[in-house]
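Dumped query.pdb below, it's PDB, C-alpha atoms and all ligand atoms:
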ATOM      1  CA  SER A 565       7.437  -9.537   5.686
ATOM      2  CA  LEU A 566       5.181  -7.790   8.119
ATOM      3  CA  GLN A 567       4.207 -10.944   9.850
ATOM      4  CA  ARG A 568       5.663 -11.176  13.301
ATOM      5  CA  GLY A 569       4.294 -14.006  15.315
ATOM      6  CA  TYR A 570       0.558 -13.733  15.193
ATOM      7  CA  GLY A 571      -1.320 -11.607  12.723
ATOM      8  CA  VAL A 572      -2.161 -11.301   9.090
ATOM      9  CA  VAL A 573       0.251 -10.397   6.366
ATOM     10  CA  VAL A 574      -0.715  -7.113   4.772
ATOM     11  CA  GLU A 575       0.146  -6.353   1.189
ATOM     12  CA  PRO A 576       2.556  -3.443   1.640
ATOM     13  CA  VAL A 577       1.140  -0.001   0.877
ATOM     14  CA  LYS A 578       3.373   3.075   0.651
ATOM     15  CA  TRP A 579       2.009   6.483   1.555
ATOM     16  CA  ASN A 580       2.398   7.658  -2.028
ATOM     17  CA  ASP A 581       0.391   4.734  -3.363
ATOM     18  CA  ILE A 582      -2.545   6.725  -2.009
ATOM     19  CA  GLY A 583      -3.581   9.757  -4.051
ATOM     20  CA  GLY A 584      -4.522  13.016  -2.329
ATOM     21  CA  LEU A 585      -5.543  13.018   1.343
ATOM     22  CA  GLU A 586      -2.391  14.851   2.448
ATOM     23  CA  PRO A 587      -3.944  16.214   5.669
ATOM     24  CA  VAL A 588      -5.286  12.758   6.566
ATOM     25  CA  LYS A 589      -1.947  11.083   5.903
ATOM     26  CA  ARG A 590      -0.135  13.729   7.958
ATOM     27  CA  GLN A 591      -2.554  13.312  10.851
ATOM     28  CA  LEU A 592      -2.173   9.529  10.821
ATOM     29  CA  ARG A 593       1.611   9.654  10.626
ATOM     30  CA  GLN A 594       1.722  12.052  13.532
ATOM     31  CA  ALA A 595      -0.559   9.866  15.587
ATOM     32  CA  VAL A 596       1.322   6.655  14.835
ATOM     33  CA  GLU A 597       4.923   7.577  14.116
ATOM     34  CA  TRP A 598       5.572  10.510  16.422
ATOM     35  CA  PRO A 599       4.994   8.649  19.695
ATOM     36  CA  VAL A 600       7.632   6.159  18.546
ATOM     37  CA  LEU A 601      10.104   8.605  17.002
ATOM     38  CA  TYR A 602       9.887  11.132  19.831
ATOM     39  CA  LYS A 603       9.206   8.750  22.656
ATOM     40  CA  ASP A 604      11.232  10.682  25.251
ATOM     41  CA  THR A 605       9.681  14.011  24.372
ATOM     42  CA  PHE A 606       6.252  12.460  24.593
ATOM     43  CA  SER A 607       6.816  11.105  28.065
ATOM     44  CA  ARG A 608       8.605  14.284  29.215
ATOM     45  CA  LEU A 609       5.624  16.378  28.131
ATOM     46  CA  GLY A 610       3.156  13.856  29.474
ATOM     47  CA  LEU A 611       1.720  13.310  26.003
ATOM     48  CA  LYS A 612      -0.028  10.074  25.250
ATOM     49  CA  ALA A 613      -0.052   8.120  22.040
ATOM     50  CA  PRO A 614      -3.624   7.670  20.829
ATOM     51  CA  ARG A 615      -5.249   4.443  21.900
ATOM     52  CA  GLY A 616      -7.672   4.279  19.017
ATOM     53  CA  ILE A 617      -8.256   5.931  15.648
ATOM     54  CA  LEU A 618     -11.644   5.885  13.943
ATOM     55  CA  LEU A 619     -11.673   6.538  10.201
ATOM     56  CA  TYR A 620     -15.003   7.439   8.658
ATOM     57  CA  GLY A 621     -16.199   8.455   5.234
ATOM     58  CA  PRO A 622     -17.885   7.154   2.063
ATOM     59  CA  PRO A 623     -17.013   3.678   0.742
ATOM     60  CA  GLY A 624     -14.181   3.198  -1.739
ATOM     61  CA  CYS A 625     -12.167   6.193  -0.561
ATOM     62  CA  SER A 626      -9.194   4.292   0.883
ATOM     63  CA  LYS A 627      -9.925   3.855   4.571
ATOM     64  CA  THR A 628      -8.736   0.245   4.492
ATOM     65  CA  THR A 629      -5.779   1.206   2.317
ATOM     66  CA  LEU A 630      -4.737   3.901   4.801
ATOM     67  CA  VAL A 631      -4.708   1.326   7.587
ATOM     68  CA  LYS A 632      -2.495  -0.927   5.468
ATOM     69  CA  ALA A 633      -0.143   2.027   4.946
ATOM     70  CA  ILE A 634       0.008   2.589   8.705
ATOM     71  CA  ALA A 635       0.828  -1.079   9.236
ATOM     72  CA  THR A 636       3.411  -1.149   6.451
ATOM     73  CA  ASN A 637       5.224   1.946   7.612
ATOM     74  CA  SER A 638       5.205   1.197  11.312
ATOM     75  CA  GLY A 639       6.273  -2.432  10.843
ATOM     76  CA  ALA A 640       3.642  -3.419  13.401
ATOM     77  CA  SER A 641       1.920  -6.778  13.386
ATOM     78  CA  PHE A 642      -1.560  -6.519  11.999
ATOM     79  CA  LEU A 643      -4.690  -8.184  13.345
ATOM     80  CA  SER A 644      -7.962  -7.689  11.548
ATOM     81  CA  VAL A 645     -11.505  -8.236  12.813
ATOM     82  CA  ASN A 646     -14.375  -8.170  10.374
ATOM     83  CA  GLY A 647     -18.026  -7.894  11.438
ATOM     84  CA  ALA A 648     -19.454 -10.516   9.121
ATOM     85  CA  ALA A 649     -16.794 -13.052  10.110
ATOM     86  CA  LEU A 650     -17.098 -12.232  13.795
ATOM     87  CA  TYR A 651     -20.784 -13.138  13.913
ATOM     88  CA  SER A 652     -20.612 -16.123  11.596
ATOM     89  CA  SER A 653     -21.498 -19.467  13.079
ATOM     90  CA  PHE A 654     -18.011 -20.720  12.265
ATOM     91  CA  VAL A 655     -16.448 -18.357  14.720
ATOM     92  CA  GLY A 656     -18.883 -19.160  17.484
ATOM     93  CA  ASP A 657     -18.108 -17.138  20.544
ATOM     94  CA  SER A 658     -17.726 -13.554  19.331
ATOM     95  CA  GLU A 659     -16.700 -12.142  22.707
ATOM     96  CA  LYS A 660     -13.997 -14.744  23.055
ATOM     97  CA  THR A 661     -12.687 -13.828  19.611
ATOM     98  CA  ILE A 662     -12.446 -10.181  20.671
ATOM     99  CA  ARG A 663     -10.656 -11.063  23.903
ATOM    100  CA  GLU A 664      -8.227 -13.343  22.100
ATOM    101  CA  THR A 665      -7.504 -10.721  19.471
ATOM    102  CA  PHE A 666      -6.529  -8.205  22.155
ATOM    103  CA  HIS A 667      -4.501 -10.851  23.927
ATOM    104  CA  GLN A 668      -2.586 -11.697  20.759
ATOM    105  CA  ALA A 669      -2.108  -8.010  20.012
ATOM    106  CA  ARG A 670      -0.418  -7.508  23.392
ATOM    107  CA  LEU A 671       1.820 -10.520  22.813
ATOM    108  CA  SER A 672       2.858  -9.392  19.353
ATOM    109  CA  ALA A 673       3.240  -5.663  20.071
ATOM    110  CA  PRO A 674       3.900  -3.305  18.444
ATOM    111  CA  SER A 675       0.644  -4.199  16.816
ATOM    112  CA  ILE A 676      -2.454  -2.811  15.205
ATOM    113  CA  ILE A 677      -5.936  -4.240  15.612
ATOM    114  CA  PHE A 678      -8.145  -3.241  12.717
ATOM    115  CA  PHE A 679     -11.944  -3.351  13.044
ATOM    116  CA  ASP A 680     -13.273  -3.045   9.526
ATOM    117  CA  GLU A 681     -16.881  -1.856   9.204
ATOM    118  CA  ILE A 682     -17.067  -1.392  12.932
ATOM    119  CA  ASP A 683     -20.719  -0.349  12.683
ATOM    120  CA  THR A 684     -21.565  -3.960  11.824
ATOM    121  CA  ILE A 685     -19.709  -5.065  14.967
ATOM    122  CA  VAL A 686     -20.979  -2.582  17.535
ATOM    123  CA  GLY A 687     -23.404  -0.373  15.589
ATOM    124  CA  LYS A 688     -26.721   0.883  16.926
ATOM    125  CA  ARG A 689     -28.690  -0.819  14.194
ATOM    126  CA  ASN A 690     -27.722  -4.139  15.693
ATOM    127  CA  PHE A 691     -29.341  -3.228  18.980
ATOM    128  CA  SER A 692     -32.692  -2.223  17.567
ATOM    129  CA  ALA A 693     -32.843  -4.542  14.569
ATOM    130  CA  GLY A 694     -34.357  -7.953  14.868
ATOM    131  CA  GLY A 695     -35.514  -6.824  18.294
ATOM    132  CA  GLY A 696     -38.718  -8.104  19.788
ATOM    133  CA  GLY A 697     -37.876 -11.099  21.868
ATOM    134  CA  ASP A 698     -34.428  -9.918  22.719
ATOM    135  CA  GLY A 699     -35.256  -8.502  26.115
ATOM    136  CA  GLY A 700     -33.072  -5.518  25.151
ATOM    137  CA  GLY A 701     -30.358  -6.135  27.729
ATOM    138  CA  ASP A 702     -28.245  -8.980  26.540
ATOM    139  CA  SER A 703     -27.910  -9.283  22.787
ATOM    140  CA  VAL A 704     -24.661 -10.683  21.411
ATOM    141  CA  GLN A 705     -23.816  -7.254  20.048
ATOM    142  CA  GLU A 706     -24.249  -5.620  23.435
ATOM    143  CA  ARG A 707     -21.959  -8.168  25.014
ATOM    144  CA  VAL A 708     -19.446  -7.659  22.223
ATOM    145  CA  LEU A 709     -19.592  -3.904  22.808
ATOM    146  CA  SER A 710     -18.928  -4.222  26.510
ATOM    147  CA  THR A 711     -16.141  -6.721  25.848
ATOM    148  CA  MET A 712     -14.578  -4.247  23.450
ATOM    149  CA  LEU A 713     -14.865  -1.363  25.888
ATOM    150  CA  ASN A 714     -13.291  -3.488  28.612
ATOM    151  CA  GLU A 715     -10.463  -4.629  26.396
ATOM    152  CA  MET A 716      -9.749  -1.115  25.108
ATOM    153  CA  ASP A 717      -9.684   0.225  28.651
ATOM    154  CA  GLY A 718      -7.304  -2.576  29.589
ATOM    155  CA  VAL A 719      -4.719  -1.671  26.977
ATOM    156  CA  GLU A 720      -1.910  -0.013  28.849
ATOM    157  CA  ASN A 721      -0.435   3.238  27.700
ATOM    158  CA  ALA A 722       2.957   2.256  26.425
ATOM    159  CA  SER A 723       1.892  -1.222  25.358
ATOM    160  CA  GLY A 724       2.360  -0.556  21.645
ATOM    161  CA  VAL A 725      -1.155  -1.689  20.768
ATOM    162  CA  LEU A 726      -3.034   0.657  18.457
ATOM    163  CA  ILE A 727      -6.678   0.112  17.627
ATOM    164  CA  VAL A 728      -7.955   1.375  14.285
ATOM    165  CA  ALA A 729     -11.519   1.129  13.038
ATOM    166  CA  ALA A 730     -13.267   2.148   9.843
ATOM    167  CA  THR A 731     -16.891   2.883   9.081
ATOM    168  CA  ASN A 732     -19.159   4.434   6.464
ATOM    169  CA  ARG A 733     -21.740   5.134   9.147
ATOM    170  CA  VAL A 734     -20.198   7.097  11.998
ATOM    171  CA  ASP A 735     -23.721   8.014  13.112
ATOM    172  CA  LEU A 736     -24.265   4.395  14.151
ATOM    173  CA  ILE A 737     -21.229   4.213  16.412
ATOM    174  CA  ASP A 738     -22.003   3.922  20.102
ATOM    175  CA  LYS A 739     -20.833   7.111  21.818
ATOM    176  CA  ALA A 740     -19.189   5.108  24.600
ATOM    177  CA  LEU A 741     -16.523   4.123  22.068
ATOM    178  CA  LEU A 742     -15.573   7.741  21.481
ATOM    179  CA  ARG A 743     -14.645   8.602  25.061
ATOM    180  CA  PRO A 744     -11.037   9.528  25.876
ATOM    181  CA  GLY A 745      -8.734   6.537  25.989
ATOM    182  CA  ARG A 746     -10.868   4.689  23.443
ATOM    183  CA  PHE A 747     -11.251   5.978  19.873
ATOM    184  CA  ASP A 748      -9.780   9.333  20.780
ATOM    185  CA  ARG A 749      -8.939  10.380  17.219
ATOM    186  CA  VAL A 750     -11.799  10.550  14.752
ATOM    187  CA  VAL A 751     -10.622  11.227  11.224
ATOM    188  CA  TYR A 752     -12.807  11.999   8.207
ATOM    189  CA  VAL A 753     -11.600  10.452   4.946
ATOM    190  CA  PRO A 754     -13.280  12.523   2.211
ATOM    191  CA  PRO A 755     -13.973  11.561  -1.412
ATOM    192  CA  PRO A 756     -11.162  12.659  -3.749
ATOM    193  CA  ASP A 757     -11.102  16.285  -4.903
ATOM    194  CA  LEU A 758      -9.793  17.355  -8.315
ATOM    195  CA  GLU A 759      -6.106  17.161  -7.407
ATOM    196  CA  ALA A 760      -6.566  13.831  -5.618
ATOM    197  CA  ARG A 761      -8.366  12.382  -8.634
ATOM    198  CA  ARG A 762      -5.494  13.492 -10.861
ATOM    199  CA  GLN A 763      -3.012  11.811  -8.530
ATOM    200  CA  ILE A 764      -5.054   8.619  -8.311
ATOM    201  CA  LEU A 765      -5.308   8.424 -12.113
ATOM    202  CA  SER A 766      -1.568   8.837 -12.462
ATOM    203  CA  ILE A 767      -0.904   6.211  -9.779
ATOM    204  CA  TYR A 768      -2.985   3.632 -11.647
ATOM    205  CA  THR A 769      -1.520   4.456 -15.058
ATOM    206  CA  ARG A 770       2.085   4.939 -14.008
ATOM    207  CA  ASP A 771       3.402   1.712 -15.525
ATOM    208  CA  ILE A 772       1.269   1.805 -18.633
ATOM    209  CA  PRO A 773       1.963   3.544 -21.954
ATOM    210  CA  LEU A 774      -0.858   6.012 -22.561
ATOM    211  CA  ALA A 775      -2.323   6.971 -25.910
ATOM    212  CA  GLU A 776      -1.301  10.480 -27.024
ATOM    213  CA  ASP A 777      -4.749  11.918 -26.504
ATOM    214  CA  VAL A 778      -5.139  10.763 -22.918
ATOM    215  CA  ASP A 779      -5.258  13.862 -20.751
ATOM    216  CA  LEU A 780      -5.280  12.956 -17.074
ATOM    217  CA  ASP A 781      -6.051  16.540 -16.035
ATOM    218  CA  ALA A 782      -9.139  16.616 -18.217
ATOM    219  CA  LEU A 783     -10.081  13.166 -17.012
ATOM    220  CA  ALA A 784      -9.813  14.302 -13.412
ATOM    221  CA  GLN A 785     -12.214  17.134 -14.257
ATOM    222  CA  THR A 786     -14.825  14.831 -15.769
ATOM    223  CA  THR A 787     -14.796  12.313 -12.938
ATOM    224  CA  GLU A 788     -16.213  14.600 -10.281
ATOM    225  CA  MET A 789     -18.350  11.999  -8.486
ATOM    226  CA  PHE A 790     -15.851   9.138  -8.728
ATOM    227  CA  THR A 791     -14.330   7.542  -5.649
ATOM    228  CA  GLY A 792     -10.753   6.234  -5.584
ATOM    229  CA  ALA A 793     -12.137   2.747  -6.158
ATOM    230  CA  ASP A 794     -14.105   3.971  -9.210
ATOM    231  CA  LEU A 795     -10.983   5.563 -10.672
ATOM    232  CA  GLN A 796      -8.961   2.424 -10.072
ATOM    233  CA  ASN A 797     -11.681   0.461 -11.851
ATOM    234  CA  LEU A 798     -11.732   2.864 -14.768
ATOM    235  CA  CYS A 799      -7.982   2.431 -15.264
ATOM    236  CA  ARG A 800      -8.206  -1.325 -14.870
ATOM    237  CA  GLU A 801     -10.939  -1.566 -17.517
ATOM    238  CA  ALA A 802      -8.963   0.639 -19.896
ATOM    239  CA  ALA A 803      -5.850  -1.466 -19.383
ATOM    240  CA  LEU A 804      -7.840  -4.623 -20.129
ATOM    241  CA  ILE A 805      -9.231  -3.144 -23.311
ATOM    242  CA  ALA A 806      -5.721  -2.135 -24.382
ATOM    243  CA  LEU A 807      -4.443  -5.600 -23.562
ATOM    244  CA  ARG A 808      -7.241  -7.245 -25.491
ATOM    245  CA  SER A 809      -6.537  -5.257 -28.634
ATOM    246  CA  ARG A 810      -2.813  -5.851 -28.234
ATOM    247  CA  VAL A 811      -3.416  -9.574 -28.151
ATOM    248  CA  LEU A 812      -5.728  -9.450 -31.132
ATOM    249  CA  GLY A 813      -3.918  -6.933 -33.268
ATOM    250  CA  PRO A 814      -1.160  -4.334 -33.443
ATOM    251  CA  MET A 815       0.218  -2.580 -30.349
ATOM    252  CA  ALA A 816      -2.452  -0.560 -28.636
ATOM    253  CA  LYS A 817      -1.889   2.045 -26.009
ATOM    254  CA  MET A 818      -4.219   2.640 -23.153
ATOM    255  CA  GLN A 819      -7.227   4.831 -23.879
ATOM    256  CA  ILE A 820      -9.333   6.030 -21.016
ATOM    257  CA  LYS A 821     -12.890   6.941 -21.794
ATOM    258  CA  VAL A 822     -15.345   7.955 -19.148
ATOM    259  CA  GLU A 823     -18.488   8.051 -21.263
ATOM    260  CA  GLY A 824     -19.911   4.797 -22.508
ATOM    261  CA  ALA A 825     -18.052   2.681 -19.988
ATOM    262  CA  ASP A 826     -21.123   1.401 -18.213
ATOM    263  CA  GLU A 827     -19.273  -0.659 -15.673
ATOM    264  CA  ASN A 828     -17.506   2.442 -14.513
ATOM    265  CA  LYS A 829     -20.456   4.396 -13.213
ATOM    266  CA  PRO A 830     -19.359   6.393 -10.208
ATOM    267  CA  SER A 831     -20.565   4.817  -7.026
ATOM    268  CA  THR A 832     -21.258   8.157  -5.368
ATOM    269  CA  ASP A 833     -23.571   9.175  -8.211
ATOM    270  CA  PRO A 834     -26.724  10.265  -6.372
ATOM    271  CA  VAL A 835     -28.828   8.622  -9.094
ATOM    272  CA  ASN A 836     -27.213   5.288  -8.305
ATOM    273  CA  GLU A 837     -27.916   5.605  -4.634
ATOM    274  CA  GLU A 838     -31.682   5.633  -5.107
TER
HETATM  275  P1  LIG G   1     -15.041   0.487   2.113
HETATM  276  O1  LIG G   1     -15.673   1.440   3.070
HETATM  277  O2  LIG G   1     -15.936   0.060   0.985
HETATM  278  O3  LIG G   1     -14.315  -0.656   2.786
HETATM  279  P2  LIG G   1     -12.606   1.950   1.857
HETATM  280  O4  LIG G   1     -12.822   3.407   2.099
HETATM  281  O5  LIG G   1     -12.006   1.141   2.920
HETATM  282  O6  LIG G   1     -13.934   1.320   1.322
HETATM  283  P3  LIG G   1     -10.541   0.911   0.190
HETATM  284  O7  LIG G   1     -10.987  -0.507   0.305
HETATM  285  O8  LIG G   1      -9.329   1.315   0.909
HETATM  286  O9  LIG G   1     -11.730   1.880   0.548
HETATM  287  O10 LIG G   1     -10.367   1.314  -1.331
HETATM  288  C1  LIG G   1     -10.961   0.591  -2.384
HETATM  289  C2  LIG G   1     -10.003   0.540  -3.553
HETATM  290  O11 LIG G   1      -9.859   1.832  -4.131
HETATM  291  C3  LIG G   1      -8.622   0.087  -3.124
HETATM  292  O12 LIG G   1      -8.131  -0.822  -4.072
HETATM  293  C4  LIG G   1      -7.800   1.351  -3.138
HETATM  294  O13 LIG G   1      -6.491   1.092  -3.491
HETATM  295  C5  LIG G   1      -8.510   2.246  -4.138
HETATM  296  N1  LIG G   1      -8.443   3.645  -3.714
HETATM  297  C6  LIG G   1      -9.375   4.341  -3.021
HETATM  298  N2  LIG G   1      -8.957   5.593  -2.738
HETATM  299  C7  LIG G   1      -7.716   5.705  -3.260
HETATM  300  C8  LIG G   1      -6.730   6.743  -3.308
HETATM  301  N3  LIG G   1      -6.965   7.939  -2.741
HETATM  302  N4  LIG G   1      -5.553   6.470  -3.907
HETATM  303  C9  LIG G   1      -5.307   5.273  -4.464
HETATM  304  N5  LIG G   1      -6.184   4.254  -4.463
HETATM  305  C10 LIG G   1      -7.375   4.449  -3.874
END
Write out the structure in this file as structure tokens.
Ligand code: ATP
Amino acid sequence: SLQRGYGVVVEPVKWNDIGGLEPVKRQLRQAVEWPVLYKDTFSRLGLKAPRGILLYGPPGCSKTTLVKAIATNSGASFLSVNGAALYSSFVGDSEKTIRETFHQARLSAPSIIFFDEIDTIVGKRNFSAGGGGDGGGDSVQERVLSTMLNEMDGVENASGVLIVAATNRVDLIDKALLRPGRFDRVVYVPPPDLEARRQILSIYTRDIPLAEDVDLDALAQTTEMFTGADLQNLCREAALIALRSRVLGPMAKMQIKVEGADENKPSTDPVNEE
């Protein structure tokens, strides 16, 4: 298990459970694995392991899954901070939660702190929204931001603590977070291209007998606007339909149909975004 002392258990994700994104995977492995594998070379050359990695890109394109792959493959303990939970009344003192998370991360190093949807934690919209009586200088979010900056600056170089964050809205991220020694790698996670869609479809159908007329190449062509999550959904729906007819009648193999499957509308479809 990945759990070592404090942290959350991550469902293990292998790099080839993620379709496409070869350059992104390579970049992440270099940033995370090389400083460990080539520790001596790094210190001889005065190279520093990145302190923080910010992943950005459209929803449903595997940012969270990539972080799980990093955690799985590095064997690091994993601590996750989510915006909605951080500001809920159950948690109470948000700054204290941040401080404690960093504290625990140091104790359980090598470790990864993951800030999911970081724009909801320290995004600009929080500073202007709901404004009015705030006085502008001391909102909870501003205090959380300065706590985070302090904590990130306090992480020592060889401490084995890596901070990873994900966002769909990189434009909302406070620039102070992007300075050297903070999120010093910013990585774009794009929607899947043709080859990635083909790989994703074969990942999610690899254990399932396919009907003779299922052509994953053709399917990859007709799913231009689909995200990885959409493709996963499409395969899941098709598997359910196959299962249903298997239960009710003779053996059915999986058919995948893009048209007519209303639930499987691509989420990046510009029409849907209106
Ligand atoms: P959000 O911004 O909404 O949190 P995200 O970019 O973090 O989205 P994930 O949560 O990682 O996306 O992905 C959603 C689902 O889609 C996951 O179950 C994931 O396995 C699947 N998925 C997305 N992209 C891929 C891919 N390239 N290969 C395999 N599965 C993928």
| field | Who sits within 12 Å of A:Gln763, all atoms listed in the file, same chain under 5 positions skipped, as a ChimeraX atom specification | value | /A:580-586,756-758,768-770,780-781,783-784,792,795-796
| task | For atom CA of A:Gly616 and atom CA of A:Ile727, quote the distance in Å rounded to one decimal. | result |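 Going from atom CA of A:Gly616 over to atom CA of A:Ile727 covers 4.5 Å.
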| query | On this structure, which residues satisfy the PyMOL selection byres (((not hetatm)) within 10 of (chain G and resi 1)), written as a ChimeraX atom specification? | reply | /A:577,579-586,619-632,680-681,730-733,753-757,760-768,790-797
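Shortest atom-to-atom contact with A:Val704 among A:Thr636, A:Ser658, A:Gln819, A:Ser672: A:Ser658, counting all atoms listed in the file.
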| task | For a cut-off of 12 Å around (-8.3, 0.5, 28.9), file coordinates, pick out all residues using only C-alpha atoms and list them as a list in words. | result | Pro614, Arg615, Gly616, Phe666, Ser710, Thr711, Met712, Leu713, Asn714, Glu715, Met716, Asp717, Gly718, Val719, Glu720, Asn721, Ala722, Ser723, Val725, Leu726, Ile727, Leu741, Arg743, Pro744, Gly745, Arg746 and Phe747 of chain A
| What gap, in Å, lies between atom CA of A:Glu659 and atom CA of A:Arg707? |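 Computed distance, atom CA of A:Glu659 to atom CA of A:Arg707, equals 7.0 Å.
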| said: Report as a PyMOL selection string all protein, DNA and RNA residues lying within 9 Å of A:Pro674, evaluated on all atoms listed in the file, omitting residues in the same chain fewer than 4 positions from it. | reply: chain A and resi 638-641+669-670+723-726
| note | Atom pair atom CA of A:Asn637 + atom CA of A:Tyr602, distance 16.0 Å
| task | Could you expand the PyMOL selection byres (((chain A and resi 684) around 12) and not hetatm) into the explicit residues it covers here, written as a PyMOL selection string? | result | chain A and resi 645-651+679-683+685-691+693+705+708-709+729-734+736-738
Can those selected residues be exported to a file as an mmCIF file, in the coordinates of the input so that it contains C-alpha atoms?
data_model
loop_
_atom_site.group_PDB
_atom_site.id
_atom_site.type_symbol
_atom_site.label_atom_id
_atom_site.label_comp_id
_atom_site.auth_asym_id
_atom_site.auth_seq_id
_atom_site.Cartn_x
_atom_site.Cartn_y
_atom_site.Cartn_z
ATOM 1 C CA VAL A 645 -11.505 -8.236 12.813
ATOM 2 C CA ASN A 646 -14.375 -8.170 10.374
ATOM 3 C CA GLY A 647 -18.026 -7.894 11.438
ATOM 4 C CA ALA A 648 -19.454 -10.516 9.121
ATOM 5 C CA ALA A 649 -16.794 -13.052 10.110
ATOM 6 C CA LEU A 650 -17.098 -12.232 13.795
ATOM 7 C CA TYR A 651 -20.784 -13.138 13.913
ATOM 8 C CA PHE A 679 -11.944 -3.351 13.044
ATOM 9 C CA ASP A 680 -13.273 -3.045 9.526
ATOM 10 C CA GLU A 681 -16.881 -1.856 9.204
ATOM 11 C CA ILE A 682 -17.067 -1.392 12.932
ATOM 12 C CA ASP A 683 -20.719 -0.349 12.683
ATOM 13 C CA ILE A 685 -19.709 -5.065 14.967
ATOM 14 C CA VAL A 686 -20.979 -2.582 17.535
ATOM 15 C CA GLY A 687 -23.404 -0.373 15.589
ATOM 16 C CA LYS A 688 -26.721 0.883 16.926
ATOM 17 C CA ARG A 689 -28.690 -0.819 14.194
ATOM 18 C CA ASN A 690 -27.722 -4.139 15.693
ATOM 19 C CA PHE A 691 -29.341 -3.228 18.980
ATOM 20 C CA ALA A 693 -32.843 -4.542 14.569
ATOM 21 C CA GLN A 705 -23.816 -7.254 20.048
ATOM 22 C CA VAL A 708 -19.446 -7.659 22.223
ATOM 23 C CA LEU A 709 -19.592 -3.904 22.808
ATOM 24 C CA ALA A 729 -11.519 1.129 13.038
ATOM 25 C CA ALA A 730 -13.267 2.148 9.843
ATOM 26 C CA THR A 731 -16.891 2.883 9.081
ATOM 27 C CA ASN A 732 -19.159 4.434 6.464
ATOM 28 C CA ARG A 733 -21.740 5.134 9.147
ATOM 29 C CA VAL A 734 -20.198 7.097 11.998
ATOM 30 C CA LEU A 736 -24.265 4.395 14.151
ATOM 31 C CA ILE A 737 -21.229 4.213 16.412
ATOM 32 C CA ASP A 738 -22.003 3.922 20.102
#
